[in-house]
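Following: one structure in structure tokens, then a few remarks.
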Amino acid sequence: MNHSEIKERINQNMSRLNLDILDLRVQPDPFIGWRIAVISPGFQGKSKEERKNLVLDGLENLTIQWLDLLTPEEKEWAGALPIDSELKDIPLWPEALARSGSIVPESVIFPSDLDEDLERPIVATFYSLRGGVGRSTSLAYTARILANRGRSVICVDMDLEAPGLAALFGKENEIKNDQGLIFVLQSLDQGERPDIRKHILRVSETEEIYCLPAGLPNANYARLLNFIDPSAWYREDRNPLRELINILSNDLPFKPDVILLDARTGITPLNGPLLFDLADLAIIVFFPHPQTQMGTGELIRALLASETRRTEQRLTPEPRFIVSPIPSSKAPEVIKRYQHRAIEWIGDWLSILDEKRKDLEPITESEITHFIPYQEEIATSDRISSDGEIWMDFEPVAEWLERFLPTVNEQRPPIDLFNYKPEILTELEFSTGTAEYQSDFLDKFVETDLVNRALQPNTPLVLGRKGTGKTAIFRRLLEGSSETSIAVLSPSPLKGDRFWVISPEGFEAIDSALTEAGKSWRDFWLLQICLACHLTWHGNESEPDPVIAESIENIPTTELEFIRCIQGLLQKPQIGLLARDWITRLDRYANSKVFLLFDGLDTGFGNTQPGRERRTQAIEGLFSLVTDLADTLLQIKFKLLLREDIWRGLHFDNKSHFFGRAVTLKWTNKADFFKVLIKQALLSQKFKELVGSINGGRLLPTDNYFNEMQIFDIWNLLVGERMKGGKSTFTRNWVWNRIADGSDNHSPRSLLQLFVLAKEWETKEQEQNSYWKTIIRPRALSTSLEEVSKQALDALINEEFPELQELVDRLREIGRSPFKATEVTGLSDRLNLGREVGLLSVYEGTEDEVERYKVPDLYLSGIGMTRKGQA
């Protein structure tokens, strides 16, 4: 029988005889059976056996370890009674470990899953199963870093059997005989409320960092230690541990931001509650030695089956891991071996969360794990160092806690979004289509230093992956430049009435015509360029040689007529020389710069194998022409926009001609990247009005120029500043990391897709669970990532590299990342391409001898893979 069934049966037995129950408590024993207490005036005059038979009727087979059946008068002298609880309510080691094997929670909610902040202070317990791994040292450095950042921190030495935290701060000589945690707990256990101010030490005169020492380890200390009984506290009404957190939170002249608990090593009565009840964050410190694997795994499973003292929110203590000390080695593979082993263990320990957090963002093991290298200065020091370089090793741990605390910006008076948010959500639109389909294109176009270089006349070649902005450069020059721009080749959606922009079928016909005439692709491109100029460039009076003029006397008006015109010209003697003469005269008559634009080279030849082979030959011919011709022209400038992978596969003479004259579009600057989103968001008039109402309108750009601070402040208003889970403290870091491919490339298309989905999710969620801190809550981003991953994979396979489908199918079968190189044997060409385009990257081994691969977040969910022990 379970807890509820036992209580129901006892109630029935008592009510059948019309006996009132003043108090009924049922509690599982940590080992076997139950502890039961019933208080009733109906027991008056009845013997112990009569009371037992009455209460336990129908429960004779129950194993009873403790039974109190008392009248109200008897209760007065009976002492403390067990609290009414279930196994899941008791945060002691026996119950916690039993719970991990028998009670599987329906869901696991961590503090970082909440939209709202936890009420301060945040409590973090530092724990290690074995000693010698730097648990107390990690706590002390973390505390100093947080205090140095303006946070108020209280460190509590809970290692009562081996106190020493105060020594790390150099404060052990300041501890008085009657001062310390041991006296505080004794007073609380006796029902008193001690003056906590008398027991804490101020660590720094300039920073808000305090230490509650365990006490002076003398004879009296040892005597009091015998009375510390957490098992009794959690089975009775009075609980000194919870009261300790209460007085530290409320009885000091200041409100602490963080309480750091230094727990005893191993399995002790006291450190169980510090992990399973008091901790918002449980920071587990371990070294990946086989001796620690099983025990720490059991601890984590117990942790994930627990609920913290914040019972109204039903939260699970959130695990973090410090792996320490990583041995120093000159061989990187040795260090990586320890790191990968630890990450894989953590992945196994947390694997239960795959089923319990389906609707929440998957845990990224590497983001909740930090590695601290061995340093002799730390190992041999009696106290923490003031050396900033040493502090850097512990900064990520401090950041874990910082992301649960409001930033400086968030501590300012909140902006009232009540009159803005509903209308803004209605107006916000993010264009996720390619540049070919974007409306209001020039309003959305983002200029960066790299983009401006790509727009310059002396940059003939612009490279980039699909979605990095090549067609945006094309449209900017075609539609928004003061210079004359002629589209010689364009993506199909931008063709318009340019019948000289040839289709795949047209290129097939041209290929046949070149073969028949014995001409090359450079001959075709010369004619194509000249005819595009002739048909577009109004005002240039330069006429071609009569041989050409005669052939174009009847100006073509369709692609078919244009193809036939080209076919006829290719049959003319010296046609290449005549065309070259014509473009030279066109250049001579030009009185300003003229751009010849070539976009759509990747898709213009079709996706068949013959089409791709034709594309290679045609593009090599085009580049051969450009290397020969470009430097002879003064005003006419080439602008070729091409995918990187196609460029790498080309072979033609003087390819080095383009070294230093090409730009590769990569979004390496976060502010520039997020400007793409901010410009589109500001097209919402209500959002622009909101931004303009802050700080006297200083957030709005001047002359369309944004500085970095403006971009990030507007971003914070749109989606918030913090993501509380993982290592990415800021939402912008989270987004930057999640939508990067395996080569660390970023696509504005994925960014905009993420926000389209996040806005849709927020609009629906706002109706059910209103949120007024930002326009889009940070959780909307993590909820939307899976669909973005699917869209990114679909674009990669169906729009760029269909030949990768076989590799993707194999990855689906594998189902997890990272994976061994031996699991993808026979796919070497596909693997090389996959690495080249960022579908995967090397996880372990070298570029030449890969041991394991990993798949980036951008494609992980789209493939249907899960991350398991991936750093």
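How things are named: the first chain in the structure tokens is A, the next is B, and so on; residues count from 1 in each chain; ligands count from 1 in the order shown.
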Notebook entry, point to check: Which residues come within 9 Å of A:Glu402, counting only C-alpha atoms, excluding same-chain residues fewer than 2 positions away, as number ranges by chain?
Noted result: A: 146, 151, 397-400, 404-407, 724, 729
Residues just named, written with all heavy atoms as an mmCIF file, in the first residue's frame:
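Writing done, so here's selection-v8.cif:
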```
data_model
loop_
_atom_site.group_PDB
_atom_site.id
_atom_site.type_symbol
_atom_site.label_atom_id
_atom_site.label_comp_id
_atom_site.auth_asym_id
_atom_site.auth_seq_id
_atom_site.Cartn_x
_atom_site.Cartn_y
_atom_site.Cartn_z
ATOM 1 N N LEU A 146 32.025 36.383 -7.695
ATOM 2 C CA LEU A 146 30.680 36.958 -7.627
ATOM 3 C C LEU A 146 30.691 38.267 -6.845
ATOM 4 O O LEU A 146 30.056 39.254 -7.249
ATOM 5 C CB LEU A 146 29.723 35.960 -6.967
ATOM 6 C CG LEU A 146 29.325 34.745 -7.812
ATOM 7 C CD1 LEU A 146 28.600 33.717 -6.948
ATOM 8 C CD2 LEU A 146 28.447 35.163 -8.985
ATOM 9 N N ARG A 151 27.977 41.258 -6.413
ATOM 10 C CA ARG A 151 26.958 40.433 -5.784
ATOM 11 C C ARG A 151 27.253 40.279 -4.284
ATOM 12 O O ARG A 151 28.410 40.306 -3.866
ATOM 13 C CB ARG A 151 26.910 39.048 -6.433
ATOM 14 C CG ARG A 151 26.665 39.074 -7.938
ATOM 15 C CD ARG A 151 25.330 39.685 -8.287
ATOM 16 N NE ARG A 151 25.040 39.574 -9.726
ATOM 17 C CZ ARG A 151 23.934 40.035 -10.292
ATOM 18 N NH1 ARG A 151 23.025 40.647 -9.555
ATOM 19 N NH2 ARG A 151 23.745 39.889 -11.604
ATOM 20 N N VAL A 397 32.018 29.019 -13.444
ATOM 21 C CA VAL A 397 31.195 28.562 -12.325
ATOM 22 C C VAL A 397 30.400 29.734 -11.760
ATOM 23 O O VAL A 397 29.204 29.614 -11.458
ATOM 24 C CB VAL A 397 32.076 27.925 -11.231
ATOM 25 C CG1 VAL A 397 31.204 27.361 -10.109
ATOM 26 C CG2 VAL A 397 32.952 26.822 -11.823
ATOM 27 N N ALA A 398 31.053 30.875 -11.622
ATOM 28 C CA ALA A 398 30.350 32.077 -11.154
ATOM 29 C C ALA A 398 29.240 32.465 -12.124
ATOM 30 O O ALA A 398 28.154 32.901 -11.711
ATOM 31 C CB ALA A 398 31.342 33.228 -10.987
ATOM 32 N N GLU A 399 29.488 32.269 -13.409
ATOM 33 C CA GLU A 399 28.468 32.628 -14.408
ATOM 34 C C GLU A 399 27.250 31.721 -14.323
ATOM 35 O O GLU A 399 26.133 32.147 -14.623
ATOM 36 C CB GLU A 399 29.086 32.581 -15.801
ATOM 37 C CG GLU A 399 30.044 33.747 -16.057
ATOM 38 C CD GLU A 399 30.811 33.592 -17.352
ATOM 39 O OE1 GLU A 399 30.520 32.642 -18.111
ATOM 40 O OE2 GLU A 399 31.715 34.420 -17.599
ATOM 41 N N TRP A 400 27.443 30.457 -13.914
ATOM 42 C CA TRP A 400 26.274 29.604 -13.697
ATOM 43 C C TRP A 400 25.306 30.256 -12.727
ATOM 44 O O TRP A 400 24.088 30.200 -12.912
ATOM 45 C CB TRP A 400 26.712 28.255 -13.126
ATOM 46 C CG TRP A 400 27.364 27.333 -14.102
ATOM 47 C CD1 TRP A 400 27.247 27.351 -15.459
ATOM 48 C CD2 TRP A 400 28.238 26.228 -13.791
ATOM 49 N NE1 TRP A 400 27.995 26.330 -16.016
ATOM 50 C CE2 TRP A 400 28.610 25.629 -15.009
ATOM 51 C CE3 TRP A 400 28.728 25.713 -12.607
ATOM 52 C CZ2 TRP A 400 29.450 24.517 -15.065
ATOM 53 C CZ3 TRP A 400 29.562 24.606 -12.664
ATOM 54 C CH2 TRP A 400 29.916 24.011 -13.881
ATOM 55 N N PHE A 404 21.119 33.335 -12.886
ATOM 56 C CA PHE A 404 19.888 33.275 -12.111
ATOM 57 C C PHE A 404 19.604 34.592 -11.393
ATOM 58 O O PHE A 404 18.596 34.709 -10.692
ATOM 59 C CB PHE A 404 19.966 32.140 -11.081
ATOM 60 C CG PHE A 404 19.904 30.775 -11.702
ATOM 61 C CD1 PHE A 404 21.069 30.097 -12.035
ATOM 62 C CD2 PHE A 404 18.683 30.181 -11.990
ATOM 63 C CE1 PHE A 404 21.022 28.851 -12.615
ATOM 64 C CE2 PHE A 404 18.626 28.930 -12.580
ATOM 65 C CZ PHE A 404 19.796 28.263 -12.898
ATOM 66 N N LEU A 405 20.490 35.561 -11.564
ATOM 67 C CA LEU A 405 20.358 36.843 -10.880
ATOM 68 C C LEU A 405 20.104 37.941 -11.898
ATOM 69 O O LEU A 405 20.648 37.909 -13.009
ATOM 70 C CB LEU A 405 21.638 37.153 -10.092
ATOM 71 C CG LEU A 405 22.027 36.126 -9.025
ATOM 72 C CD1 LEU A 405 23.429 36.429 -8.499
ATOM 73 C CD2 LEU A 405 21.015 36.123 -7.890
ATOM 74 N N PRO A 406 19.291 38.918 -11.553
ATOM 75 C CA PRO A 406 19.026 40.005 -12.504
ATOM 76 C C PRO A 406 20.297 40.795 -12.799
ATOM 77 O O PRO A 406 21.122 41.030 -11.926
ATOM 78 C CB PRO A 406 17.990 40.870 -11.774
ATOM 79 C CG PRO A 406 18.121 40.506 -10.325
ATOM 80 C CD PRO A 406 18.555 39.086 -10.287
ATOM 81 N N THR A 407 20.459 41.169 -14.054
ATOM 82 C CA THR A 407 21.601 41.981 -14.459
ATOM 83 C C THR A 407 21.373 43.427 -14.026
ATOM 84 O O THR A 407 20.300 43.784 -13.538
ATOM 85 C CB THR A 407 21.790 41.931 -15.982
ATOM 86 O OG1 THR A 407 20.636 42.515 -16.609
ATOM 87 C CG2 THR A 407 21.947 40.496 -16.465
ATOM 88 N N LYS A 724 18.868 31.201 -18.658
ATOM 89 C CA LYS A 724 19.362 30.749 -17.359
ATOM 90 C C LYS A 724 20.010 29.372 -17.396
ATOM 91 O O LYS A 724 20.719 28.998 -16.489
ATOM 92 C CB LYS A 724 18.219 30.767 -16.350
ATOM 93 C CG LYS A 724 17.812 32.176 -15.970
ATOM 94 C CD LYS A 724 16.671 32.189 -14.993
ATOM 95 C CE LYS A 724 15.351 31.884 -15.663
ATOM 96 N NZ LYS A 724 14.218 32.015 -14.755
ATOM 97 N N THR A 729 25.380 32.743 -20.893
ATOM 98 C CA THR A 729 24.688 33.622 -19.967
ATOM 99 C C THR A 729 23.660 34.482 -20.672
ATOM 100 O O THR A 729 22.551 34.659 -20.212
ATOM 101 C CB THR A 729 25.701 34.541 -19.258
ATOM 102 O OG1 THR A 729 26.745 33.755 -18.716
ATOM 103 C CG2 THR A 729 25.027 35.338 -18.177
#
```
Next item on the list: Identify, on the basis of only C-alpha atoms, every residue whose closest approach to A:Glu721 does not exceed 9 Å; exclude the query and any residue fewer than 2 positions from it along the same chain; express the result as a PyMOL selection string.
Entry: chain A and resi 407+409-410+712-713+715-717+719+723+729-732+778
Check: Taking the backbone alone, and naming residues the way the document does, which bits of stretch 95-133 of chain A are alpha helix (DSSP H) by DSSP, as an MDAnalysis selection string?
Finding: chainID A and resid 95:102
Margin query: Residues of stretch 275-500 of chain A classed as strand (DSSP E) by DSSP on the backbone are to be reported as a PyMOL selection string.
Written below: chain A and resi 281-286+318-326+369-373+461-464+484-489
Same residues, N, CA, C and O atoms, saved as a compact mmCIF listing (two decimals), in the first residue's frame:
```txt
# COMPACT_ATOMS: atom_id res chain seq x y z
N LEU A 281 20.93 24.90 -7.05
CA LEU A 281 21.94 24.31 -7.91
C LEU A 281 22.81 23.36 -7.08
O LEU A 281 23.25 23.75 -5.99
N ALA A 282 23.00 22.17 -7.58
CA ALA A 282 23.91 21.22 -6.94
C ALA A 282 25.15 21.12 -7.82
O ALA A 282 25.09 20.59 -8.93
N ILE A 283 26.24 21.66 -7.33
CA ILE A 283 27.49 21.70 -8.11
C ILE A 283 28.36 20.54 -7.66
O ILE A 283 28.91 20.53 -6.57
N ILE A 284 28.42 19.54 -8.52
CA ILE A 284 29.10 18.28 -8.19
C ILE A 284 30.53 18.35 -8.73
O ILE A 284 30.75 18.57 -9.92
N VAL A 285 31.49 18.16 -7.83
CA VAL A 285 32.91 18.23 -8.20
C VAL A 285 33.46 16.81 -8.19
O VAL A 285 33.31 16.08 -7.21
N PHE A 286 34.07 16.41 -9.30
CA PHE A 286 34.62 15.05 -9.36
C PHE A 286 35.76 14.99 -10.36
O PHE A 286 35.91 15.85 -11.23
N GLU A 318 19.06 21.60 -9.65
CA GLU A 318 19.65 21.62 -11.01
C GLU A 318 21.14 21.29 -10.95
O GLU A 318 21.90 21.98 -10.28
N PRO A 319 21.57 20.23 -11.64
CA PRO A 319 22.97 19.81 -11.52
C PRO A 319 23.91 20.63 -12.39
O PRO A 319 23.57 21.06 -13.50
N ARG A 320 25.10 20.86 -11.86
CA ARG A 320 26.23 21.40 -12.60
C ARG A 320 27.44 20.55 -12.21
O ARG A 320 27.46 19.95 -11.13
N PHE A 321 28.45 20.53 -13.06
CA PHE A 321 29.58 19.65 -12.81
C PHE A 321 30.90 20.40 -12.98
O PHE A 321 31.10 21.10 -13.97
N ILE A 322 31.77 20.23 -12.00
CA ILE A 322 33.15 20.70 -12.10
C ILE A 322 34.04 19.46 -12.15
O ILE A 322 33.99 18.62 -11.24
N VAL A 323 34.80 19.34 -13.21
CA VAL A 323 35.72 18.22 -13.35
C VAL A 323 37.11 18.74 -13.00
O VAL A 323 37.66 19.60 -13.68
N SER A 324 37.68 18.18 -11.91
CA SER A 324 38.90 18.76 -11.35
C SER A 324 39.65 17.70 -10.54
O SER A 324 39.02 16.83 -9.92
N PRO A 325 40.99 17.80 -10.52
CA PRO A 325 41.82 18.64 -11.39
C PRO A 325 42.22 17.86 -12.64
O PRO A 325 42.65 16.71 -12.54
N ILE A 326 42.09 18.48 -13.80
CA ILE A 326 42.52 17.84 -15.04
C ILE A 326 44.05 17.88 -15.08
O ILE A 326 44.64 18.95 -14.97
N THR A 369 29.04 21.75 -17.62
CA THR A 369 30.27 21.14 -17.12
C THR A 369 31.43 22.11 -17.33
O THR A 369 31.54 22.73 -18.38
N HIS A 370 32.27 22.21 -16.32
CA HIS A 370 33.47 23.06 -16.43
C HIS A 370 34.69 22.26 -15.98
O HIS A 370 34.63 21.53 -14.98
N PHE A 371 35.77 22.39 -16.74
CA PHE A 371 37.00 21.67 -16.45
C PHE A 371 38.04 22.62 -15.85
O PHE A 371 38.29 23.70 -16.41
N ILE A 372 38.62 22.22 -14.75
CA ILE A 372 39.63 23.05 -14.09
C ILE A 372 40.95 22.29 -14.12
O ILE A 372 41.06 21.19 -13.59
N PRO A 373 41.96 22.88 -14.74
CA PRO A 373 43.26 22.20 -14.84
C PRO A 373 44.00 22.21 -13.51
O PRO A 373 43.78 23.08 -12.66
N LEU A 461 34.93 39.17 -56.75
CA LEU A 461 34.38 37.87 -56.36
C LEU A 461 33.87 37.92 -54.93
O LEU A 461 34.58 38.32 -54.01
N VAL A 462 32.61 37.50 -54.75
CA VAL A 462 31.98 37.43 -53.43
C VAL A 462 31.56 35.98 -53.21
O VAL A 462 30.72 35.45 -53.94
N LEU A 463 32.15 35.35 -52.18
CA LEU A 463 31.89 33.96 -51.87
C LEU A 463 31.04 33.84 -50.61
O LEU A 463 31.03 34.74 -49.78
N GLY A 464 30.37 32.72 -50.48
CA GLY A 464 29.61 32.51 -49.25
C GLY A 464 28.72 31.29 -49.38
O GLY A 464 28.38 30.87 -50.48
N THR A 484 25.57 52.33 -62.35
CA THR A 484 24.84 51.48 -63.27
C THR A 484 25.19 50.02 -62.98
O THR A 484 26.35 49.67 -62.85
N SER A 485 24.18 49.18 -62.85
CA SER A 485 24.40 47.76 -62.62
C SER A 485 23.60 46.96 -63.63
O SER A 485 22.41 47.23 -63.86
N ILE A 486 24.26 45.99 -64.25
CA ILE A 486 23.64 45.18 -65.29
C ILE A 486 23.63 43.73 -64.83
O ILE A 486 24.69 43.16 -64.53
N ALA A 487 22.46 43.13 -64.74
CA ALA A 487 22.33 41.74 -64.34
C ALA A 487 22.59 40.85 -65.55
O ALA A 487 21.72 40.70 -66.41
N VAL A 488 23.76 40.28 -65.64
CA VAL A 488 24.08 39.35 -66.73
C VAL A 488 23.45 37.99 -66.43
O VAL A 488 22.93 37.33 -67.32
N LEU A 489 23.50 37.61 -65.18
CA LEU A 489 22.87 36.36 -64.75
C LEU A 489 22.29 36.61 -63.36
O LEU A 489 22.91 37.29 -62.54
```
Notebook entry, point to check: Between atom CA of A:Ser40 and atom CA of A:Asp20, what is the spacing in Å?
Noted result: 5.9 Å
Notebook entry, point to check: Could you pull the residues within 8 Å of A:Arg588, counting only C-alpha atoms, minus those fewer than 4 positions along the same chain, as a list in words?
Noted result: Thr584, Leu634 and Gln635 of chain A
Those same residues - C-alpha atoms - I'd like them written as an mmCIF file, in the first residue's frame.
```
data_model
loop_
_atom_site.group_PDB
_atom_site.id
_atom_site.type_symbol
_atom_site.label_atom_id
_atom_site.label_comp_id
_atom_site.auth_asym_id
_atom_site.auth_seq_id
_atom_site.Cartn_x
_atom_site.Cartn_y
_atom_site.Cartn_z
ATOM 1 C CA THR A 584 36.358 47.419 -74.868
ATOM 2 C CA LEU A 634 38.541 50.958 -66.585
ATOM 3 C CA GLN A 635 34.862 51.504 -65.856
#
```
Considering only C-alpha atoms, tabulate each residue of stretch 532-638 of chain A that lies at most 6 Å from stretch 491-502 of chain A along with its nearest interatomic pair and the corresponding distance in Å to one decimal; arrange the rows by chain and ascending residue number and present them as JSON lines.
```
{"residue": "A:Thr558", "atom": "CA", "partner": "A:Phe499", "partner_atom": "CA", "distance": 5.3}
{"residue": "A:Glu559", "atom": "CA", "partner": "A:Phe499", "partner_atom": "CA", "distance": 4.7}
{"residue": "A:Gly600", "atom": "CA", "partner": "A:Pro491", "partner_atom": "CA", "distance": 4.3}
```
Next item on the list: With a distance cut-off of 9 Å and only C-alpha atoms, select the neighbouring residues of A:Ile209, excluding the residue or stretch itself and same-chain residues fewer than 5 positions from it, and output the selection as a list in words.
Entry: Ala143, Arg144, Leu146, Ala147, Asn148, Arg151, Ser152, Val153, Ile154, Cys155, Leu201, Arg202, Val203 and Ser204 of chain A
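When only C-alpha atoms are used to measure the gap to A:Val676, the shortest distance among A:Gln528, A:Ser431, A:Ser624, A:Ser551 belongs to A:Ser431.
Proximity of A:Asp523, A:Leu274, A:Ile583, A:Leu807 to A:Glu823, computed with only C-alpha atoms, is greatest for A:Leu807.
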Note to self: Report, in Å to a single decimal, how far apart atom CA of A:Asp178 and atom CA of A:Glu243 are.
What the structure shows: 19.5 Å
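Nearest to A:Val123 of all the residues A:Arg812, A:Lys655, A:Arg242, A:Arg453 is A:Arg242, based on only C-alpha atoms.
Proximity to A:Phe524 was assessed for A:Leu601, A:Leu625, A:Val38, A:Ile300 counting only C-alpha atoms; the smallest distance is recorded for A:Leu625.
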Next item on the list: Find the residues around stretch 737-754 of chain A up to 7 Å (only C-alpha atoms counted), leave out those fewer than 3 positions away in its own chain, and share them as a PyMOL selection string.
Entry: chain A and resi 430-432+467-468+666-667+673+676-677+733-734+757-758+781+784-785+788+792+838-841+855-858
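Among A:Thr380, A:Leu526, A:Glu613, A:Lys593, the residue with the shortest atom-to-atom distance to A:Leu629, counting only C-alpha atoms, is A:Leu526.
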Margin query: List the spatial neighbours of stretch 42-53 of chain A as a VMD selection string - criterion: any atom at most 8 Å away, only C-alpha atoms, same-chain residues fewer than 2 positions off excluded.
Written below: chain A and resid 19 to 20 40 55 to 57 69 to 71
Would you pick out the contacts of A:Glu851 at 10 Å or less, using only C-alpha atoms, so that residues sharing its chain but fewer than 2 positions from it are not included, and give the list as a short mmCIF file (atom, residue, chain, number, x, y, z; two decimals) with C-alpha atoms, in the first residue's frame?
```cif
data_model
loop_
_atom_site.label_atom_id
_atom_site.label_comp_id
_atom_site.auth_asym_id
_atom_site.auth_seq_id
_atom_site.Cartn_x
_atom_site.Cartn_y
_atom_site.Cartn_z
CA PHE A 819 29.73 8.98 -32.96
CA LYS A 820 32.70 6.86 -33.95
CA ALA A 821 34.29 7.24 -37.36
CA THR A 822 33.93 3.49 -37.79
CA VAL A 842 35.80 16.46 -35.82
CA TYR A 843 35.10 15.71 -32.15
CA GLU A 844 38.06 13.52 -31.30
CA GLY A 845 41.26 12.77 -33.18
CA THR A 846 42.91 14.87 -35.88
CA GLU A 847 41.70 16.20 -39.21
CA ASP A 848 43.58 13.39 -40.93
CA GLU A 849 42.81 10.62 -38.45
CA TYR A 853 32.58 13.15 -35.25
#
```
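Considering only C-alpha atoms, the residue among A:Ile636, A:Arg816, A:Ser861, A:Val446 positioned nearest to A:Asn704 is A:Val446.
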